[in-house]
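First comes the structure, then the notes that go with it.
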Amino acid sequence: MKGRNRDSSPHWKWGLFYLNPNDPKIWIEMRYGIGWTLNMARPAAWAILAAILLACLALFLLIT
């Protein structure tokens, strides 16, 4: 399918970051190894990343 080939090099930056605005998925299986990554070309991915970082910051502030 067009825009959904996750192994195509132009969509992977430094082998870690996936950027494909044509791919509707937010969570993408890693190109190498085990795990998932965010499709950073989607605005929802940035919201998820911000929520994770804010949760970590809140946890840190609660513990200290």
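Going by the structure tokens order, chains are called A, B, ..., each with residues numbered from 1, while ligands are numbered from 1 in the order shown.
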
What's the 9 Å shell around A:Arg42, counting only C-alpha atoms, without same-chain residues fewer than 3 positions away, as a ChimeraX atom specification? /A:19-21,23-26,38-39,45-46

Run DSSP on the backbone and grab whatever in chain A lands in alpha helix (DSSP H); send it over as a PyMOL selection string. chain A and resi 43-63

Based on the selection just made, write C-alpha atoms of those residues as a tab-separated table (two decimals), in the first residue's frame.
chain	number	residue	atom	x	y	z
A	43	PRO	CA	0.12	15.55	15.67
A	44	ALA	CA	-1.34	12.95	18.04
A	45	ALA	CA	2.13	11.45	18.45
A	46	TRP	CA	3.42	14.76	19.79
A	47	ALA	CA	0.50	14.88	22.24
A	48	ILE	CA	1.29	11.35	23.45
A	49	LEU	CA	4.96	12.22	23.84
A	50	ALA	CA	4.08	15.37	25.82
A	51	ALA	CA	1.72	13.38	28.07
A	52	ILE	CA	4.43	10.79	28.79
A	53	LEU	CA	6.99	13.49	29.58
A	54	LEU	CA	4.54	15.39	31.81
A	55	ALA	CA	3.66	12.18	33.66
A	56	CYS	CA	7.37	11.51	34.27
A	57	LEU	CA	7.90	15.07	35.48
A	58	ALA	CA	4.87	14.87	37.81
A	59	LEU	CA	6.10	11.56	39.23
A	60	PHE	CA	9.55	13.04	39.78
A	61	LEU	CA	8.10	16.09	41.54
A	62	LEU	CA	5.88	13.92	43.74
A	63	ILE	CA	8.78	11.71	44.81
